[in-house]
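Reproduced below: model-v2.txt, with compact mmCIF, C-alpha atoms.
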```txt
# COMPACT_ATOMS: atom_id res chain seq x y z
CA MET A 1 87.16 102.79 108.63
CA ASP A 2 89.91 101.77 106.20
CA PHE A 3 90.98 98.12 106.64
CA THR A 4 92.98 98.00 103.39
CA ASP A 5 96.25 96.07 103.66
CA LYS A 6 99.07 98.60 103.96
CA ALA A 7 102.77 98.56 103.16
CA LYS A 8 105.37 99.84 105.64
CA LYS A 9 108.96 101.01 105.78
CA ILE A 10 111.39 98.61 104.09
CA ARG A 11 113.16 96.21 106.47
CA GLU A 12 116.87 96.71 107.09
CA GLY A 13 118.94 94.80 104.55
CA GLU A 14 116.07 94.43 102.06
CA GLN A 15 116.27 97.86 100.39
CA LEU A 16 116.11 98.27 96.63
CA ASP A 17 118.23 100.53 94.42
CA ILE A 18 115.44 103.08 93.88
CA PRO A 19 116.97 105.04 90.94
CA ARG A 20 117.70 101.85 88.98
CA VAL A 21 114.28 100.38 89.65
CA GLU A 22 112.56 103.64 88.73
CA GLN A 23 114.40 103.94 85.43
CA PHE A 24 113.72 100.31 84.53
CA LEU A 25 110.01 100.50 85.30
CA LYS A 26 109.50 103.75 83.41
CA ASP A 27 111.36 102.32 80.42
CA SER A 28 109.36 99.09 80.52
CA ILE A 29 105.78 100.09 81.45
CA PRO A 30 104.18 102.75 79.24
CA GLY A 31 102.47 105.69 80.90
CA LEU A 32 104.25 105.74 84.27
CA GLN A 33 104.72 109.33 85.35
CA GLY A 34 105.78 110.96 88.59
CA ALA A 35 108.24 110.24 91.37
CA LEU A 36 108.67 106.66 92.53
CA ALA A 37 108.13 105.65 96.16
CA VAL A 38 108.76 102.18 97.56
CA GLU A 39 107.44 100.49 100.71
CA GLN A 40 107.35 96.84 101.76
CA PHE A 41 104.50 94.54 102.71
CA PRO A 42 105.79 93.21 106.05
CA SER A 43 104.03 89.86 106.18
CA GLY A 44 105.14 86.66 104.48
CA TYR A 45 108.19 84.49 105.08
CA SER A 46 109.41 83.75 101.57
CA ASN A 47 109.54 86.02 98.54
CA LEU A 48 109.78 89.74 99.30
CA THR A 49 106.88 91.93 98.25
CA TYR A 50 107.15 95.68 97.69
CA MET A 51 104.54 98.33 97.00
CA ILE A 52 105.69 100.63 94.19
CA LYS A 53 103.88 103.91 93.76
CA VAL A 54 104.55 106.07 90.69
CA GLY A 55 102.32 109.12 90.75
CA ASP A 56 98.81 107.71 91.19
CA THR A 57 99.73 104.24 89.93
CA GLU A 58 100.24 101.44 92.45
CA LEU A 59 102.20 98.31 91.50
CA VAL A 60 103.54 95.30 93.37
CA LEU A 61 107.09 94.01 92.87
CA ARG A 62 108.06 90.48 93.92
CA ARG A 63 111.65 89.28 94.26
CA PRO A 64 113.44 86.39 96.02
CA PRO A 65 114.78 86.90 99.55
CA PHE A 66 118.35 88.02 100.02
CA GLY A 67 120.93 85.40 100.98
CA THR A 68 121.20 81.66 100.34
CA LYS A 69 118.02 80.01 99.09
CA ALA A 70 116.74 76.50 98.39
CA LYS A 71 117.70 75.49 94.86
CA THR A 72 114.16 75.14 93.47
CA ALA A 73 112.49 77.84 95.58
CA HIS A 74 111.61 81.42 94.68
CA ASP A 75 111.16 80.82 90.93
CA MET A 76 110.00 84.24 89.74
CA LYS A 77 109.61 83.13 86.11
CA ARG A 78 107.33 80.29 87.15
CA GLU A 79 105.13 82.59 89.23
CA TYR A 80 104.94 85.11 86.38
CA THR A 81 104.05 82.35 83.90
CA ILE A 82 101.04 81.10 85.84
CA LEU A 83 99.77 84.64 86.43
CA ASN A 84 99.94 85.25 82.66
CA ALA A 85 97.97 82.07 81.93
CA LEU A 86 95.38 82.44 84.70
CA ASN A 87 94.60 86.16 84.60
CA PRO A 88 92.25 85.96 81.59
CA VAL A 89 90.20 83.04 83.00
CA PHE A 90 90.41 83.40 86.78
CA PRO A 91 89.17 86.85 87.85
CA TYR A 92 90.96 86.74 91.20
CA CYS A 93 94.42 86.58 89.63
CA PRO A 94 96.49 89.83 89.56
CA LYS A 95 97.51 91.06 86.12
CA PRO A 96 101.26 90.60 85.55
CA LEU A 97 102.99 93.54 83.88
CA LEU A 98 106.62 92.57 83.36
CA TYR A 99 109.26 90.00 84.19
CA ALA A 100 112.99 90.71 84.52
CA ASP A 101 115.79 88.15 84.69
CA GLU A 102 119.03 88.37 86.66
CA ASP A 103 120.28 91.50 84.90
CA PRO A 104 122.74 92.97 87.44
CA SER A 105 122.12 96.46 86.11
CA VAL A 106 118.66 96.43 87.70
CA MET A 107 118.53 94.16 90.75
CA GLY A 108 120.85 91.18 90.20
CA CYS A 109 118.01 88.69 90.62
CA PRO A 110 114.83 87.74 88.75
CA PHE A 111 111.72 89.72 89.71
CA TYR A 112 108.34 90.61 88.32
CA VAL A 113 105.81 93.41 88.63
CA MET A 114 102.03 93.07 88.73
CA GLU A 115 99.01 95.22 89.34
CA ARG A 116 98.04 95.89 92.93
CA ILE A 117 94.66 94.60 94.10
CA ARG A 118 93.58 96.93 96.89
CA GLY A 119 91.56 95.36 99.67
CA ILE A 120 91.59 93.65 103.05
CA ILE A 121 93.96 90.82 103.91
CA LEU A 122 93.24 88.94 107.13
CA ARG A 123 96.17 88.18 109.42
CA ARG A 124 96.19 86.41 112.79
CA ASP A 125 93.27 88.41 114.20
CA LEU A 126 90.63 90.61 112.61
CA PRO A 127 91.60 94.30 112.32
CA ASN A 128 90.22 96.50 115.07
CA GLY A 129 86.73 97.56 114.07
CA LEU A 130 86.13 94.75 111.57
CA VAL A 131 83.50 92.38 112.94
CA PHE A 132 81.92 89.31 111.39
CA ARG A 133 78.71 87.91 112.81
CA PRO A 134 78.83 84.09 113.12
CA GLU A 135 76.71 83.70 109.99
CA ASP A 136 79.06 86.09 108.13
CA ALA A 137 82.13 84.17 109.30
CA ARG A 138 80.62 80.97 107.95
CA ARG A 139 79.77 82.58 104.62
CA LEU A 140 83.32 83.92 104.32
CA CYS A 141 84.71 80.42 104.91
CA GLU A 142 82.37 79.04 102.25
CA ASN A 143 83.45 81.73 99.80
CA LEU A 144 87.12 81.01 100.48
CA LEU A 145 86.64 77.32 99.77
CA ASP A 146 84.46 77.92 96.71
CA VAL A 147 87.18 80.02 95.05
CA GLN A 148 89.63 77.17 95.59
CA ILE A 149 87.13 74.76 94.00
CA GLU A 150 86.75 77.19 91.09
CA LEU A 151 90.53 77.18 90.60
CA HIS A 152 90.59 73.38 90.63
CA SER A 153 87.87 73.27 87.94
CA ILE A 154 89.90 75.20 85.31
CA ASP A 155 91.04 73.15 82.31
CA TYR A 156 94.77 73.79 82.60
CA LYS A 157 95.53 72.35 79.17
CA LYS A 158 93.18 74.81 77.46
CA ILE A 159 95.05 77.79 78.92
CA GLY A 160 98.49 76.58 77.92
CA LEU A 161 99.67 75.01 81.17
CA ALA A 162 99.92 71.39 80.01
CA GLY A 163 103.65 71.38 80.67
CA PHE A 164 103.54 73.42 83.87
CA GLY A 165 103.74 70.41 86.20
CA LYS A 166 104.04 66.63 86.30
CA PRO A 167 100.73 65.30 87.66
CA GLU A 168 101.66 61.63 87.29
CA GLY A 169 103.10 60.37 90.56
CA TYR A 170 102.50 63.74 92.22
CA VAL A 171 101.57 62.35 95.67
CA LYS A 172 104.62 60.10 95.97
CA ARG A 173 106.91 62.80 94.62
CA GLN A 174 105.64 65.25 97.22
CA VAL A 175 106.04 62.83 100.14
CA ASP A 176 109.54 61.83 99.01
CA GLY A 177 110.55 65.39 98.18
CA TRP A 178 109.40 66.98 101.40
CA SER A 179 110.94 64.16 103.44
CA GLU A 180 114.29 64.86 101.81
CA ARG A 181 113.92 68.62 102.19
CA TYR A 182 113.00 68.32 105.84
CA ARG A 183 115.96 66.08 106.64
CA ASN A 184 118.30 68.46 104.80
CA ALA A 185 116.96 71.50 106.64
CA ARG A 186 116.73 69.94 110.09
CA THR A 187 118.63 71.79 112.82
CA GLU A 188 119.78 70.30 116.10
CA ASP A 189 116.82 71.80 117.97
CA ALA A 190 114.18 70.48 115.53
CA PRO A 191 112.12 67.27 115.88
CA ASP A 192 113.05 64.44 113.51
CA PHE A 193 109.54 63.78 112.08
CA GLU A 194 110.62 60.22 111.25
CA THR A 195 107.40 58.65 112.62
CA VAL A 196 105.32 61.00 110.46
CA MET A 197 107.39 60.40 107.33
CA LYS A 198 107.18 56.63 107.77
CA TRP A 199 103.38 56.79 108.22
CA LEU A 200 102.97 58.96 105.11
CA GLN A 201 104.94 56.43 103.07
CA GLU A 202 102.81 53.56 104.34
CA LYS A 203 99.41 55.28 103.97
CA MET A 204 99.98 56.91 100.59
CA PRO A 205 96.73 56.74 98.55
CA LYS A 206 96.36 56.39 94.80
CA GLU A 207 96.19 59.54 92.71
CA THR A 208 92.70 61.03 92.37
CA GLY A 209 92.95 60.79 88.59
CA SER A 210 91.80 64.40 88.17
CA PRO A 211 94.92 66.61 88.23
CA CYS A 212 94.33 70.34 88.20
CA ILE A 213 95.93 73.71 88.90
CA ILE A 214 96.73 73.81 92.60
CA HIS A 215 97.83 76.94 94.44
CA ASN A 216 99.74 75.05 97.15
CA ASP A 217 99.54 77.89 99.69
CA TYR A 218 95.86 78.83 99.58
CA LYS A 219 94.75 80.49 102.81
CA PHE A 220 93.16 83.62 104.22
CA ASP A 221 96.28 85.80 104.16
CA ASN A 222 96.83 85.00 100.49
CA VAL A 223 93.42 86.27 99.41
CA VAL A 224 92.18 89.85 99.14
CA LEU A 225 88.72 90.80 100.43
CA SER A 226 86.70 93.68 99.06
CA SER A 227 86.83 96.82 101.21
CA GLU A 228 83.18 97.48 100.37
CA ASN A 229 82.03 93.91 101.08
CA PRO A 230 84.54 91.98 103.22
CA LEU A 231 82.70 88.71 102.53
CA GLN A 232 83.66 88.95 98.85
CA ILE A 233 87.03 87.62 97.65
CA ILE A 234 88.49 89.80 94.89
CA GLY A 235 92.07 88.52 94.65
CA VAL A 236 94.31 85.50 95.19
CA LEU A 237 98.01 86.21 95.77
CA ASP A 238 101.33 84.40 96.15
CA TRP A 239 101.44 81.85 93.33
CA GLU A 240 105.04 80.86 94.07
CA MET A 241 104.29 77.19 94.71
CA ALA A 242 101.47 76.67 92.20
CA THR A 243 101.66 73.62 89.94
CA ILE A 244 99.57 70.87 88.35
CA GLY A 245 98.76 68.19 90.88
CA ASP A 246 96.27 66.41 93.11
CA PRO A 247 93.48 68.72 94.35
CA LEU A 248 93.17 66.89 97.68
CA MET A 249 96.85 67.57 98.37
CA ASP A 250 96.09 71.26 97.84
CA LEU A 251 93.13 71.10 100.22
CA GLY A 252 95.25 69.27 102.81
CA SER A 253 97.91 71.97 102.58
CA SER A 254 95.26 74.66 103.10
CA LEU A 255 93.73 72.93 106.12
CA ALA A 256 97.14 72.60 107.79
CA TYR A 257 96.80 76.34 108.45
CA TRP A 258 93.20 75.95 109.67
CA ILE A 259 93.39 76.09 113.46
CA GLN A 260 89.91 75.96 114.95
CA ALA A 261 88.55 77.00 118.33
CA ASP A 262 88.72 73.53 119.93
CA ASP A 263 92.33 72.76 118.98
CA PRO A 264 94.93 72.27 121.79
CA PRO A 265 96.64 75.36 123.27
CA GLU A 266 100.04 74.66 121.68
CA PHE A 267 98.37 74.52 118.27
CA GLN A 268 96.39 77.68 119.00
CA ALA A 269 99.67 79.44 119.76
CA ILE A 270 100.82 79.16 116.14
CA ARG A 271 97.54 80.29 114.58
CA MET A 272 98.21 82.72 111.71
CA MET A 273 94.65 83.59 110.64
CA PRO A 274 91.25 84.11 112.33
CA THR A 275 90.01 80.60 111.54
CA ASP A 276 88.83 80.26 115.14
CA MET A 277 86.32 83.15 115.06
CA PRO A 278 82.74 82.35 116.12
CA GLY A 279 80.87 80.83 113.20
CA ALA A 280 83.99 79.74 111.29
CA MET A 281 83.71 76.35 109.64
CA THR A 282 85.65 73.41 111.05
CA ARG A 283 88.12 71.39 109.00
CA ASP A 284 85.63 68.52 108.76
CA GLU A 285 82.92 70.87 107.49
CA LEU A 286 85.25 72.25 104.86
CA VAL A 287 86.16 68.77 103.64
CA ARG A 288 82.49 67.81 103.39
CA ARG A 289 81.66 70.99 101.48
CA TYR A 290 84.58 70.43 99.13
CA ALA A 291 83.43 66.88 98.40
CA GLY A 292 79.84 67.95 97.83
CA LYS A 293 80.52 70.95 95.60
CA SER A 294 83.38 69.46 93.57
CA GLY A 295 81.91 65.99 93.19
CA THR A 296 85.14 64.49 94.51
CA ARG A 297 84.86 61.28 96.50
CA ILE A 298 86.76 61.61 99.77
CA ASP A 299 86.81 58.39 101.77
CA ASP A 300 89.56 59.33 104.20
CA PHE A 301 91.14 62.77 104.46
CA ASP A 302 93.61 61.97 107.26
CA PHE A 303 96.52 61.32 104.89
CA TYR A 304 96.08 64.65 103.07
CA TYR A 305 95.73 66.62 106.29
CA CYS A 306 98.73 64.92 107.89
CA PHE A 307 100.79 65.58 104.78
CA GLY A 308 99.70 69.22 104.88
CA LEU A 309 100.93 69.54 108.46
CA PHE A 310 104.25 67.90 107.58
CA ARG A 311 104.73 70.03 104.48
CA LEU A 312 104.00 73.20 106.45
CA ALA A 313 106.57 72.11 109.03
CA GLY A 314 109.04 71.58 106.19
CA ILE A 315 108.45 75.08 104.85
CA ALA A 316 108.86 76.58 108.33
CA GLN A 317 111.99 74.53 108.99
CA GLN A 318 113.60 75.62 105.73
CA ILE A 319 113.05 79.25 106.68
CA TYR A 320 114.20 78.66 110.27
CA TYR A 321 117.35 76.98 108.90
CA ARG A 322 118.28 80.28 107.24
CA TYR A 323 117.87 82.11 110.55
CA PHE A 324 119.66 79.41 112.57
CA HIS A 325 122.68 79.64 110.26
CA LYS A 326 122.61 83.47 110.26
CA GLN A 327 121.68 83.75 106.60
CA THR A 328 118.95 86.23 107.54
CA LYS A 329 118.48 88.75 110.35
CA ASP A 330 114.68 88.68 110.35
CA GLU A 331 113.81 88.05 114.00
CA ARG A 332 110.37 86.71 113.08
CA PHE A 333 112.07 83.54 111.88
CA ALA A 334 113.40 82.70 115.36
CA LEU A 335 109.92 81.66 116.48
CA LEU A 336 109.38 79.20 113.64
CA ILE A 337 111.02 76.36 115.57
CA PHE A 338 108.04 76.42 117.96
CA ALA A 339 105.69 76.08 114.98
CA VAL A 340 107.67 73.10 113.67
CA LYS A 341 107.35 71.34 117.03
CA ALA A 342 103.62 72.10 117.31
CA LEU A 343 103.03 70.82 113.78
CA GLU A 344 104.77 67.55 114.60
CA GLN A 345 102.48 67.07 117.59
CA ALA A 346 99.43 67.80 115.43
CA ALA A 347 100.58 65.28 112.82
CA LEU A 348 101.17 62.64 115.50
CA ARG A 349 97.63 63.23 116.79
CA VAL A 350 96.30 62.46 113.32
CA ILE A 351 98.33 59.25 113.21
CA GLU A 352 97.15 58.18 116.69
CA ARG A 353 93.55 58.83 115.68
```

For this file, write the structure as structure tokens.
Amino acid sequence: MDFTDKAKKIREGEQLDIPRVEQFLKDSIPGLQGALAVEQFPSGYSNLTYMIKVGDTELVLRRPPFGTKAKTAHDMKREYTILNALNPVFPYCPKPLLYADEDPSVMGCPFYVMERIRGIILRRDLPNGLVFRPEDARRLCENLLDVQIELHSIDYKKIGLAGFGKPEGYVKRQVDGWSERYRNARTEDAPDFETVMKWLQEKMPKETGSPCIIHNDYKFDNVVLSSENPLQIIGVLDWEMATIGDPLMDLGSSLAYWIQADDPPEFQAIRMMPTDMPGAMTRDELVRRYAGKSGTRIDDFDFYYCFGLFRLAGIAQQIYYRYFHKQTKDERFALLIFAVKALEQAALRVIER
């Protein structure tokens, strides 16, 4: 049975100018031959991802969403830059092929093209027919975490990324920045998160002192599993938010997505990946494994997890803001307000604990 992640028909309003794109790609990438066909990967809430097929060659094109966008979001050049630096040293990174700026003769916005890594991408529930025994589910969770640890161990200065981020003061800058972004994106039906923001300011820890490359959106639906061996991770996608920063902030952001089997029903309702399957590791188990394998001392992870929940709510609220103000017609975004409310409740539970 083929569980490979598949593209679908392009959503209304997100079509590309096929003749222009075809001409540009054939002029820019040697060896492309045959008619060009374009489909869209339907998942994801931020940058738009298209599957480009030219003859037998499959490529992936990434571009910003249509409509008004946050000033610092959707930086295609930044994403292309880290792919270029990481691909030679991190085997899970797709190979970037070209970057294009805002040339109106092609698309009118920056975009880039990379190789396609064919494989399985896990969404909310396992595909029909794909089954993991409890021991397999645990091994998959371990493999997922170990790849993140491997990323954090790369010497970013040696691969030319010394100026890619500002690690000094990263934690405070993130708390302050996401507080401002949340307040700016808040709609009248959204919770205020003021209790959470105040707690994060008061409980802010010192920097770990070991900055590294952090993905900032590392989770099951951003990794590619081998079709031959679904326990093996062969790709890591969506580097839009990657930077140089505190590794525990990256882990906290990842675990904000990690909804386990014993979480409350309202939190279960917003689960996006099969992190509740029998045998899956718990958040506490993942933190302990991270500490043991990375050699990082973790005295109290509550701050990082609470920040991850708040940051995820901020991302969801920014996207919901676009829908609320009719800047996008994607009906999936209407449901994000329920996720924002559930994330606030989860963050408040951490604070109460």

Practice prompt. Work out how far atom CA of A:Tyr218 is from atom CA of A:Arg332, in Å to one decimal.
Written response: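 Spanning atom CA of A:Arg332 to atom CA of A:Tyr218 is a straight-line distance of 21.3 Å.
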
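In this model, the gap between atom CA of A:Val113 and atom CA of A:Leu336 comes to 29.0 Å.
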
Response to the item:
Here atom CA of A:Lys77 and atom CA of A:Tyr156 stand apart by 17.9 Å

Discussion item. Excluding A:Gln345 and its own-chain neighbours fewer than 6 positions away, which residues fall within 12 Å of it when counting only C-alpha atoms? Please give them as an MDAnalysis selection string.
Written reply: chainID A and resid 191:193 195:196 263:267 306 309:310 313 338:339 351:352

Item to complete: Check the smallest atom-to-atom distance from each of A:Leu286, A:Met114, A:Cys93, A:Ile244 to A:Leu25 using only C-alpha atoms, then report the winner.
Response: A:Met114

Worksheet item: Nearest to A:Ile234: which of A:Phe333, A:Phe324, A:Tyr92, A:Tyr112 is it, counting all atoms listed in the file?
Response: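 Nearest candidate to A:Ile234 out of A:Phe333, A:Phe324, A:Tyr92, A:Tyr112: A:Tyr92.
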
Discussion item. Please determine, counting all atoms listed in the file, which residue among A:Met107, A:Val171, A:Leu98, A:Met241 has the shortest atom-to-atom distance to A:Ile213.
Written reply: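 With all atoms listed in the file as the atom set, the closest residue is A:Met241.
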
Practice prompt. Point out the residue among A:Leu16, A:Leu237, A:Leu312, A:Ile159 with the least atom-to-atom distance to A:Arg116, counting only C-alpha atoms.
Written response: A:Leu237

Response to the item:
Across A:Gly292, A:Gly279, A:Pro247, A:Pro211, the smallest distance to A:Val131, with all atoms listed in the file counted, is shown by A:Gly279

Practice prompt. Skip A:Gln40 itself and residues of its chain fewer than 3 positions away, then list as a PyMOL selection string all residues within 8 Å of it, counting all atoms listed in the file.
Written response: chain A and resi 7-11+48-51

Practice prompt. Would you kindly identify which residues have an atom no farther than 7 Å from (99.0, 94.1, 84.9), using all atoms listed in the file and the file's own coordinates, and write them out as a list in words?
Written response: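 Neighbouring residues, ordered by chain and number, come to Pro94, Lys95, Pro96, Leu97, Met114 and Glu115 of chain A.
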
Fill in: Among the residues A:Ala242, A:Leu161, A:Arg186, A:Val175, the one that comes closest to A:Ile319 [using only C-alpha atoms]
A:Arg186
